[in-house]
Amino acid sequence: MDIAKNIPGPRTIERVRPIAMMVIAGVLYFAVIIVALHFLRPDLDPISRPTSEYAVGRYGFLMSTAFFSMSLAAFILVVGLYQGITLAARSLIGLVFLGLWGIGVLIAMIFPMDAEGALPTLSGMIHQVAAPFTFLSVTLGISLVSRRLKLDDQWRPFYRPALFLSPIVWLGFAGTFLSFITQSGFMGLAQRITLATIVTWMLLAAFRLRSVAARRS
């Protein structure tokens, strides 16, 4: 196999750098808004209540913009990783799951969850059904993409941090799901740990994508 054929061409690399910066901006916006909403909505207990509840009531529009920003960043990151990782190290299935994460976040924006104690609505039901599949998608996506990065020399420095973050996402996902099923009161905390890990992985991937593009150009 001709290794040179696996390396993205110069024009592709030139497109990857601005893609990486857009991902960084989108993910950082999401993180900043989530942090800000903890102070703007002190009435919502971060230990027990999920972040999606910030979309209901005061400052709900901010959470909607955060959802949109994360969804867009996920789609752009999929494009960037597809173009910036060599064919041998590229996990197409993993990228598909990352794309499904972007779709799931968009669904969360369009169909807000029901507030605690409110009567069930169709929007809340859709949100509740889609949420587990959304987090499962990103968990699988991160794991599948991370495990193949060692096959690309330029991505190898990111391989170990990515592999370290993968089981944390799994633990966070499992903790969120179990907390929801058992109503233990720790779902909000488990979900925030999961989101923090996802944000960290996406930011590190975007920074590495930018670095790889600069080296290959």
# chains A, B, ... in the order shown; residues from 1 in each chain; ligands from 1
>>> select_by_dssp(residues="range 11-140 of chain A", states="helix (DSSP H, G or I)", output="ChimeraX atom specification")
/A:11-40,51-55,60-84,87-89,92-110,122-140
>>> write_last_selection(atoms="C-alpha atoms", output="compact mmCIF listing (two decimals), in the first residue's frame")
# COMPACT_ATOMS: atom_id res chain seq x y z
CA ARG A 11 -6.00 21.57 -0.24
CA THR A 12 -7.71 19.32 2.27
CA ILE A 13 -5.22 20.29 4.97
CA GLU A 14 -5.81 23.99 4.29
CA ARG A 15 -9.51 23.45 4.98
CA VAL A 16 -8.81 21.53 8.19
CA ARG A 17 -7.21 24.41 10.09
CA PRO A 18 -10.25 26.73 10.05
CA ILE A 19 -12.44 23.70 10.79
CA ALA A 20 -10.42 23.03 13.95
CA MET A 21 -10.80 26.64 15.09
CA MET A 22 -14.58 26.52 14.56
CA VAL A 23 -14.79 23.36 16.66
CA ILE A 24 -12.77 24.97 19.46
CA ALA A 25 -14.99 28.07 19.41
CA GLY A 26 -18.21 26.03 19.41
CA VAL A 27 -17.19 23.71 22.23
CA LEU A 28 -15.83 26.55 24.37
CA TYR A 29 -19.07 28.49 23.91
CA PHE A 30 -21.04 25.46 25.08
CA ALA A 31 -18.81 25.04 28.14
CA VAL A 32 -18.93 28.74 29.08
CA ILE A 33 -22.73 28.87 28.83
CA ILE A 34 -23.14 25.74 30.95
CA VAL A 35 -20.87 27.17 33.65
CA ALA A 36 -22.67 30.53 33.53
CA LEU A 37 -26.09 28.90 33.88
CA HIS A 38 -25.00 27.33 37.17
CA PHE A 39 -24.81 30.87 38.56
CA LEU A 40 -27.83 32.24 36.67
CA THR A 51 -28.16 20.35 32.40
CA SER A 52 -31.00 20.03 29.87
CA GLU A 53 -33.35 21.54 32.45
CA TYR A 54 -31.59 24.88 31.96
CA ALA A 55 -33.48 25.08 28.65
CA GLY A 60 -33.67 28.95 28.48
CA PHE A 61 -32.58 30.65 25.26
CA LEU A 62 -28.96 30.48 26.45
CA MET A 63 -29.15 26.70 26.84
CA SER A 64 -30.71 26.46 23.38
CA THR A 65 -27.77 28.36 21.89
CA ALA A 66 -25.38 26.08 23.79
CA PHE A 67 -27.12 23.02 22.33
CA PHE A 68 -26.85 24.47 18.83
CA SER A 69 -23.21 25.38 19.31
CA MET A 70 -22.29 21.87 20.51
CA SER A 71 -24.29 20.22 17.72
CA LEU A 72 -22.59 22.33 15.06
CA ALA A 73 -19.16 21.73 16.61
CA ALA A 74 -19.78 17.97 16.56
CA PHE A 75 -20.70 17.97 12.86
CA ILE A 76 -17.70 20.13 11.98
CA LEU A 77 -15.36 17.94 14.04
CA VAL A 78 -16.55 14.85 12.16
CA VAL A 79 -15.65 16.55 8.88
CA GLY A 80 -12.29 17.68 10.25
CA LEU A 81 -11.35 14.25 11.60
CA TYR A 82 -12.41 12.59 8.36
CA GLN A 83 -10.15 14.91 6.40
CA GLY A 84 -7.31 15.21 8.91
CA LEU A 87 -7.24 6.39 5.98
CA ALA A 88 -5.51 3.65 8.00
CA ALA A 89 -6.28 5.39 11.31
CA LEU A 92 -15.74 5.56 9.95
CA ILE A 93 -18.10 3.93 12.43
CA GLY A 94 -16.70 6.10 15.20
CA LEU A 95 -17.23 9.22 13.11
CA VAL A 96 -20.81 8.15 12.40
CA PHE A 97 -21.46 7.86 16.13
CA LEU A 98 -19.95 11.33 16.70
CA GLY A 99 -22.31 12.61 14.01
CA LEU A 100 -25.24 10.97 15.82
CA TRP A 101 -24.14 12.84 18.95
CA GLY A 102 -24.53 16.08 16.99
CA ILE A 103 -28.02 15.02 15.84
CA GLY A 104 -29.00 14.03 19.38
CA VAL A 105 -27.91 17.40 20.80
CA LEU A 106 -29.94 19.12 18.08
CA ILE A 107 -32.98 17.05 19.09
CA ALA A 108 -32.41 18.13 22.70
CA MET A 109 -32.55 21.74 21.54
CA ILE A 110 -35.72 21.31 19.46
CA LEU A 122 -44.63 15.19 23.82
CA SER A 123 -41.50 17.34 23.73
CA GLY A 124 -40.38 16.00 27.10
CA MET A 125 -41.04 12.40 26.05
CA ILE A 126 -38.97 12.80 22.87
CA HIS A 127 -36.16 14.38 24.88
CA GLN A 128 -36.21 11.63 27.47
CA VAL A 129 -36.15 8.84 24.87
CA ALA A 130 -33.43 10.44 22.73
CA ALA A 131 -31.07 11.39 25.60
CA PRO A 132 -29.68 7.90 26.43
CA PHE A 133 -29.03 7.12 22.76
CA THR A 134 -27.36 10.51 22.32
CA PHE A 135 -24.90 9.92 25.15
CA LEU A 136 -24.35 6.32 24.10
CA SER A 137 -23.49 7.54 20.59
CA VAL A 138 -20.81 9.97 21.74
CA THR A 139 -19.41 7.40 24.18
CA LEU A 140 -19.02 4.85 21.38
>>> residues_around(residues="Leu165 in chain A", least_positions_apart="4", cutoff="9 Å", atoms="only C-alpha atoms", output="VMD selection string")
chain A and resid 142 to 143 160 to 161 169 to 170 197 to 198 200 to 201
>>> write_last_selection(atoms="C-alpha atoms", output="mmCIF file, in the first residue's frame")
data_model
loop_
_atom_site.group_PDB
_atom_site.id
_atom_site.type_symbol
_atom_site.label_atom_id
_atom_site.label_comp_id
_atom_site.auth_asym_id
_atom_site.auth_seq_id
_atom_site.Cartn_x
_atom_site.Cartn_y
_atom_site.Cartn_z
ATOM 1 C CA ILE A 142 -14.992 8.668 21.333
ATOM 2 C CA SER A 143 -13.917 5.100 22.077
ATOM 3 C CA ARG A 160 -2.863 8.181 25.082
ATOM 4 C CA PRO A 161 -4.921 11.135 26.409
ATOM 5 C CA VAL A 169 -16.895 8.760 29.401
ATOM 6 C CA TRP A 170 -18.122 5.178 29.784
ATOM 7 C CA THR A 197 -15.039 14.644 29.625
ATOM 8 C CA ILE A 198 -16.712 14.991 26.217
ATOM 9 C CA THR A 200 -12.208 17.915 27.034
ATOM 10 C CA TRP A 201 -11.911 15.191 24.377
#
